[in-house]
$ cat structure20.pdb   # PDB, C-alpha atoms
ATOM      1  CA  MET Z   1     -21.432  -8.538   1.183
ATOM      2  CA  LYS Z   2     -17.847  -9.904   1.013
ATOM      3  CA  ASN Z   3     -16.496  -6.719   2.653
ATOM      4  CA  ILE Z   4     -18.847  -7.086   5.616
ATOM      5  CA  LYS Z   5     -17.654 -10.677   6.149
ATOM      6  CA  ILE Z   6     -13.984  -9.636   6.021
ATOM      7  CA  ILE Z   7     -14.531  -6.734   8.416
ATOM      8  CA  GLN Z   8     -16.310  -9.063  10.853
ATOM      9  CA  GLN Z   9     -13.498 -11.618  10.630
ATOM     10  CA  LEU Z  10     -10.878  -8.927  11.315
ATOM     11  CA  HIS Z  11     -12.903  -7.742  14.290
ATOM     12  CA  ASP Z  12     -13.218 -11.324  15.601
ATOM     13  CA  LEU Z  13      -9.420 -11.631  15.436
ATOM     14  CA  GLY Z  14      -8.983  -8.402  17.385
ATOM     15  CA  ILE Z  15      -7.700  -6.454  14.381
ATOM     16  CA  THR Z  16      -8.964  -2.890  14.607
ATOM     17  CA  GLY Z  17      -7.830   0.600  13.696
ATOM     18  CA  TYR Z  18      -7.270  -0.130  10.019
ATOM     19  CA  GLN Z  19      -8.161   2.545   7.481
ATOM     20  CA  GLU Z  20      -8.673   0.410   4.426
ATOM     21  CA  VAL Z  21      -8.651  -3.257   3.495
ATOM     22  CA  ALA Z  22      -7.822  -4.439  -0.029
ATOM     23  CA  TYR Z  23      -9.227  -7.904  -0.623
ATOM     24  CA  ASN Z  24      -7.576  -9.851  -3.430
ATOM     25  CA  PRO Z  25      -6.475  -6.771  -5.434
ATOM     26  CA  THR Z  26      -5.470  -7.029  -9.089
ATOM     27  CA  TYR Z  27      -1.806  -6.526  -9.950
ATOM     28  CA  GLU Z  28      -2.614  -3.044 -11.249
ATOM     29  CA  GLU Z  29      -4.457  -2.079  -8.036
ATOM     30  CA  LEU Z  30      -1.636  -3.387  -5.860
ATOM     31  CA  TYR Z  31       1.025  -1.614  -7.947
ATOM     32  CA  LYS Z  32      -0.880   1.681  -7.787
ATOM     33  CA  ALA Z  33      -1.283   1.383  -4.005
ATOM     34  CA  GLU Z  34       2.386   0.476  -3.441
ATOM     35  CA  MET Z  35       3.712   3.284  -5.631
ATOM     36  CA  SER Z  36       1.406   6.032  -4.340
ATOM     37  CA  THR Z  37       3.250   9.246  -3.463
ATOM     38  CA  LYS Z  38       1.053   9.443  -0.339
ATOM     39  CA  ASN Z  39       2.896   6.459   1.147
ATOM     40  CA  GLN Z  40       5.657   6.988   3.669
ATOM     41  CA  GLY Z  41       8.100   4.726   5.467
ATOM     42  CA  PHE Z  42       7.364   1.018   5.174
ATOM     43  CA  GLU Z  43       4.229   1.685   3.098
ATOM     44  CA  LYS Z  44       6.282   3.088   0.227
ATOM     45  CA  GLY Z  45       7.347   0.845  -2.639
ATOM     46  CA  ALA Z  46      10.270   1.456  -4.973
ATOM     47  CA  LEU Z  47      10.662   0.382  -8.579
ATOM     48  CA  THR Z  48      13.843  -1.639  -9.145
ATOM     49  CA  GLU Z  49      15.980  -1.572 -12.300
ATOM     50  CA  SER Z  50      14.338  -4.810 -13.456
ATOM     51  CA  GLY Z  51      10.843  -3.343 -13.040
ATOM     52  CA  ALA Z  52       9.923  -5.218  -9.863
ATOM     53  CA  VAL Z  53       8.442  -3.420  -6.875
ATOM     54  CA  ALA Z  54      10.572  -3.593  -3.723
ATOM     55  CA  VAL Z  55       9.259  -2.784  -0.257
ATOM     56  CA  LYS Z  56      11.016  -2.529   3.089
ATOM     57  CA  THR Z  57       9.630  -4.833   5.719
ATOM     58  CA  GLY Z  58      11.326  -3.440   8.805
ATOM     59  CA  ILE Z  59      12.152  -6.029  11.433
ATOM     60  CA  PHE Z  60      10.215  -8.712   9.543
ATOM     61  CA  THR Z  61      13.009  -9.581   7.117
ATOM     62  CA  GLY Z  62      13.339 -13.334   7.458
ATOM     63  CA  ARG Z  63      11.398 -16.210   6.028
ATOM     64  CA  SER Z  64       8.881 -17.983   8.217
ATOM     65  CA  PRO Z  65       9.252 -21.635   7.233
ATOM     66  CA  LYS Z  66       7.158 -22.762  10.191
ATOM     67  CA  ASP Z  67       4.255 -20.672   8.872
ATOM     68  CA  ARG Z  68       3.982 -22.723   5.699
ATOM     69  CA  PHE Z  69       1.867 -25.830   5.390
ATOM     70  CA  ILE Z  70       1.449 -28.367   2.608
ATOM     71  CA  VAL Z  71      -1.679 -30.461   2.177
ATOM     72  CA  LYS Z  72      -0.817 -34.077   2.894
ATOM     73  CA  ASP Z  73      -2.888 -36.295   0.649
ATOM     74  CA  ASP Z  74      -2.455 -39.349  -1.592
ATOM     75  CA  ILE Z  75      -0.383 -37.303  -4.062
ATOM     76  CA  THR Z  76       1.985 -35.625  -1.587
ATOM     77  CA  LYS Z  77       2.266 -38.192   1.232
ATOM     78  CA  ASP Z  78       5.249 -39.987  -0.363
ATOM     79  CA  THR Z  79       6.715 -37.135  -2.423
ATOM     80  CA  ILE Z  80       7.391 -34.477   0.236
ATOM     81  CA  ASP Z  81      10.250 -34.592   2.732
ATOM     82  CA  TRP Z  82       8.027 -34.047   5.790
ATOM     83  CA  GLY Z  83       9.656 -32.452   8.806
ATOM     84  CA  SER Z  84      10.075 -29.171  10.680
ATOM     85  CA  VAL Z  85      10.160 -27.149   7.439
ATOM     86  CA  ASN Z  86       7.566 -29.041   5.393
ATOM     87  CA  LEU Z  87       4.638 -29.195   7.782
ATOM     88  CA  PRO Z  88       1.585 -31.236   6.771
ATOM     89  CA  THR Z  89      -2.004 -30.085   6.982
ATOM     90  CA  THR Z  90      -5.235 -31.808   6.016
ATOM     91  CA  PRO Z  91      -7.406 -31.052   2.994
ATOM     92  CA  GLU Z  92     -10.172 -30.061   5.433
ATOM     93  CA  VAL Z  93      -7.999 -27.400   7.096
ATOM     94  CA  PHE Z  94      -6.970 -26.098   3.660
ATOM     95  CA  GLU Z  95     -10.602 -25.796   2.541
ATOM     96  CA  SER Z  96     -11.484 -24.011   5.782
ATOM     97  CA  CYS Z  97      -8.648 -21.490   5.300
ATOM     98  CA  LYS Z  98      -9.593 -20.990   1.654
ATOM     99  CA  LYS Z  99     -13.086 -19.890   2.720
ATOM    100  CA  LEU Z 100     -11.627 -17.041   4.805
TER     101      LEU Z 100
END
$ encode --input "structure20.pdb" --output "structure tokens"
Amino acid sequence: MKNIKIIQQLHDLGITGYQEVAYNPTYEELYKAEMSTKNQGFEKGALTESGAVAVKTGIFTGRSPKDRFIVKDDITKDTIDWGSVNLPTTPEVFESCKKL
């Protein structure tokens, strides 16, 4: 049932043409998918000397600080340096996103 909901949400967002969707994979599943010999180009992961998996991201190499939000509540309202990098969101918005 969860897969049907995800597929519908992707469709509603205009995301089509995908071959497979991995929802919340385990570390082992993600590692296996990243290291598959079937992968080419940006899909292909490489094992670093330290044992971490590295992937190339193409033109998307920078951080996106404006795509990060922190829930502003009684705990965080006076402990976060709010501004253009630390953007506040409400607990309600967080709960709504969590349900996706």
$ residues_around --input "structure20.pdb" --residues "Lys32 in chain Z" --least-positions-apart "3" --cutoff "12 Å" --atoms "only C-alpha atoms" --output "list in words"
Pro25, Thr26, Tyr27, Glu28, Glu29, Met35, Ser36, Thr37, Lys38, Asn39, Lys44, Gly45, Ala46, Leu47 and Val53 of chain Z
$ resolve_selection --input "structure20.pdb" --expression "the PyMOL selection byres ((chain Z and resi 90) around 6)" --output "mmCIF file with C-alpha atoms, keeping the file's coordinate frame"
data_model
loop_
_atom_site.group_PDB
_atom_site.id
_atom_site.type_symbol
_atom_site.label_atom_id
_atom_site.label_comp_id
_atom_site.auth_asym_id
_atom_site.auth_seq_id
_atom_site.Cartn_x
_atom_site.Cartn_y
_atom_site.Cartn_z
ATOM 1 C CA VAL Z 71 -1.679 -30.461 2.177
ATOM 2 C CA LYS Z 72 -0.817 -34.077 2.894
ATOM 3 C CA THR Z 89 -2.004 -30.085 6.982
ATOM 4 C CA PRO Z 91 -7.406 -31.052 2.994
ATOM 5 C CA GLU Z 92 -10.172 -30.061 5.433
ATOM 6 C CA VAL Z 93 -7.999 -27.400 7.096
#
$ closest_atom_pairs --input "structure20.pdb" --of "range 6-62 of chain Z" --to "range 95-100 of chain Z" --cutoff "12 Å" --atoms "all atoms listed in the file" --output "CSV"
residue,atom,partner,partner_atom,distance
Z:Ile6,CA,Z:Leu100,CA,7.9
Z:Ile7,CA,Z:Leu100,CA,11.3
Z:Gln8,CA,Z:Leu100,CA,11.1
Z:Gln9,CA,Z:Leu100,CA,8.2
Z:Leu10,CA,Z:Leu100,CA,10.4
Z:Tyr23,CA,Z:Leu100,CA,10.9
Z:Asn24,CA,Z:Leu100,CA,11.7
$ atom_distance --input "structure20.pdb" --atom1 "CA of Ser84 in chain Z" --atom2 "CA of Ser64 in chain Z"
11.5 Å
$ atom_distance --input "structure20.pdb" --atom1 "CA of Gln40 in chain Z" --atom2 "CA of Leu13 in chain Z"
26.7 Å
$ axis_aligned_box --input "structure20.pdb" --around "range 17-25 of chain Z" --padding-each-side "3 Å" --output "AutoDock Vina command-line options"
--center_x -7.9 --center_y -3.7 --center_z 4.1 --size_x 8.8 --size_y 18.4 --size_z 25.1
$ atom_distance --input "structure20.pdb" --atom1 "CA of Leu87 in chain Z" --atom2 "CA of Arg68 in chain Z"
6.8 Å
$ residues_near_point --input "structure20.pdb" --point "(14.0, -26.0, 8.2)" --cutoff "9 Å" --atoms "all atoms listed in the file" --output "PyMOL selection string"
chain Z and resi 65-66+83-86
$ resolve_selection --input "structure20.pdb" --expression "the PyMOL selection byres ((chain Z and resi 57) around 12)" --output "list in words"
Gly41, Phe42, Glu43, Lys44, Gly45, Ala54, Val55, Lys56, Gly58, Ile59, Phe60, Thr61, Gly62 and Arg63 of chain Z
$ build_atoms --input "structure20.pdb" --residues "range 41-65 of chain Z" --atoms "N, CA and C atoms" --output "short mmCIF file (atom, residue, chain, number, x, y, z; two decimals), in the coordinates of the input"
data_model
loop_
_atom_site.label_atom_id
_atom_site.label_comp_id
_atom_site.auth_asym_id
_atom_site.auth_seq_id
_atom_site.Cartn_x
_atom_site.Cartn_y
_atom_site.Cartn_z
N GLY Z 41 7.49 5.79 4.67
CA GLY Z 41 8.10 4.73 5.47
C GLY Z 41 7.92 3.36 4.84
N PHE Z 42 7.48 2.39 5.65
CA PHE Z 42 7.36 1.02 5.17
C PHE Z 42 6.23 0.82 4.17
N GLU Z 43 5.33 1.79 4.06
CA GLU Z 43 4.23 1.68 3.10
C GLU Z 43 4.72 1.91 1.67
N LYS Z 44 5.84 2.62 1.53
CA LYS Z 44 6.28 3.09 0.23
C LYS Z 44 7.05 2.01 -0.53
N GLY Z 45 6.65 1.78 -1.77
CA GLY Z 45 7.35 0.84 -2.64
C GLY Z 45 8.32 1.59 -3.54
N ALA Z 46 9.30 0.87 -4.05
CA ALA Z 46 10.27 1.46 -4.97
C ALA Z 46 10.40 0.54 -6.18
N LEU Z 47 10.51 1.15 -7.35
CA LEU Z 47 10.66 0.38 -8.58
C LEU Z 47 12.14 0.05 -8.78
N THR Z 48 12.46 -1.22 -8.95
CA THR Z 48 13.84 -1.64 -9.14
C THR Z 48 14.22 -1.50 -10.62
N GLU Z 49 15.51 -1.67 -10.92
CA GLU Z 49 15.98 -1.57 -12.30
C GLU Z 49 15.31 -2.61 -13.20
N SER Z 50 14.96 -3.75 -12.65
CA SER Z 50 14.34 -4.81 -13.46
C SER Z 50 12.83 -4.62 -13.62
N GLY Z 51 12.27 -3.61 -12.93
CA GLY Z 51 10.84 -3.34 -13.04
C GLY Z 51 10.01 -3.96 -11.93
N ALA Z 52 10.65 -4.64 -11.00
CA ALA Z 52 9.92 -5.22 -9.86
C ALA Z 52 9.71 -4.15 -8.80
N VAL Z 53 8.69 -4.33 -7.99
CA VAL Z 53 8.44 -3.42 -6.88
C VAL Z 53 9.11 -4.01 -5.63
N ALA Z 54 9.91 -3.18 -4.96
CA ALA Z 54 10.57 -3.59 -3.72
C ALA Z 54 9.99 -2.79 -2.57
N VAL Z 55 9.76 -3.47 -1.45
CA VAL Z 55 9.26 -2.78 -0.26
C VAL Z 55 10.12 -3.17 0.93
N LYS Z 56 10.28 -2.24 1.86
CA LYS Z 56 11.02 -2.53 3.09
C LYS Z 56 10.04 -3.14 4.08
N THR Z 57 10.51 -4.14 4.79
CA THR Z 57 9.63 -4.83 5.72
C THR Z 57 9.99 -4.59 7.17
N GLY Z 58 10.95 -3.73 7.42
CA GLY Z 58 11.33 -3.44 8.80
C GLY Z 58 11.96 -4.64 9.47
N ILE Z 59 11.54 -4.93 10.69
CA ILE Z 59 12.15 -6.03 11.43
C ILE Z 59 11.73 -7.40 10.91
N PHE Z 60 10.72 -7.44 10.05
CA PHE Z 60 10.22 -8.71 9.54
C PHE Z 60 10.93 -9.05 8.24
N THR Z 61 12.22 -9.37 8.32
CA THR Z 61 13.01 -9.58 7.12
C THR Z 61 13.25 -11.04 6.78
N GLY Z 62 13.04 -11.93 7.70
CA GLY Z 62 13.34 -13.33 7.46
C GLY Z 62 12.16 -14.11 6.92
N ARG Z 63 12.46 -15.30 6.45
CA ARG Z 63 11.40 -16.21 6.03
C ARG Z 63 10.76 -16.81 7.27
N SER Z 64 9.57 -17.32 7.11
CA SER Z 64 8.88 -17.98 8.22
C SER Z 64 8.53 -19.40 7.79
N PRO Z 65 9.53 -20.28 7.73
CA PRO Z 65 9.25 -21.64 7.23
C PRO Z 65 8.24 -22.39 8.07
#
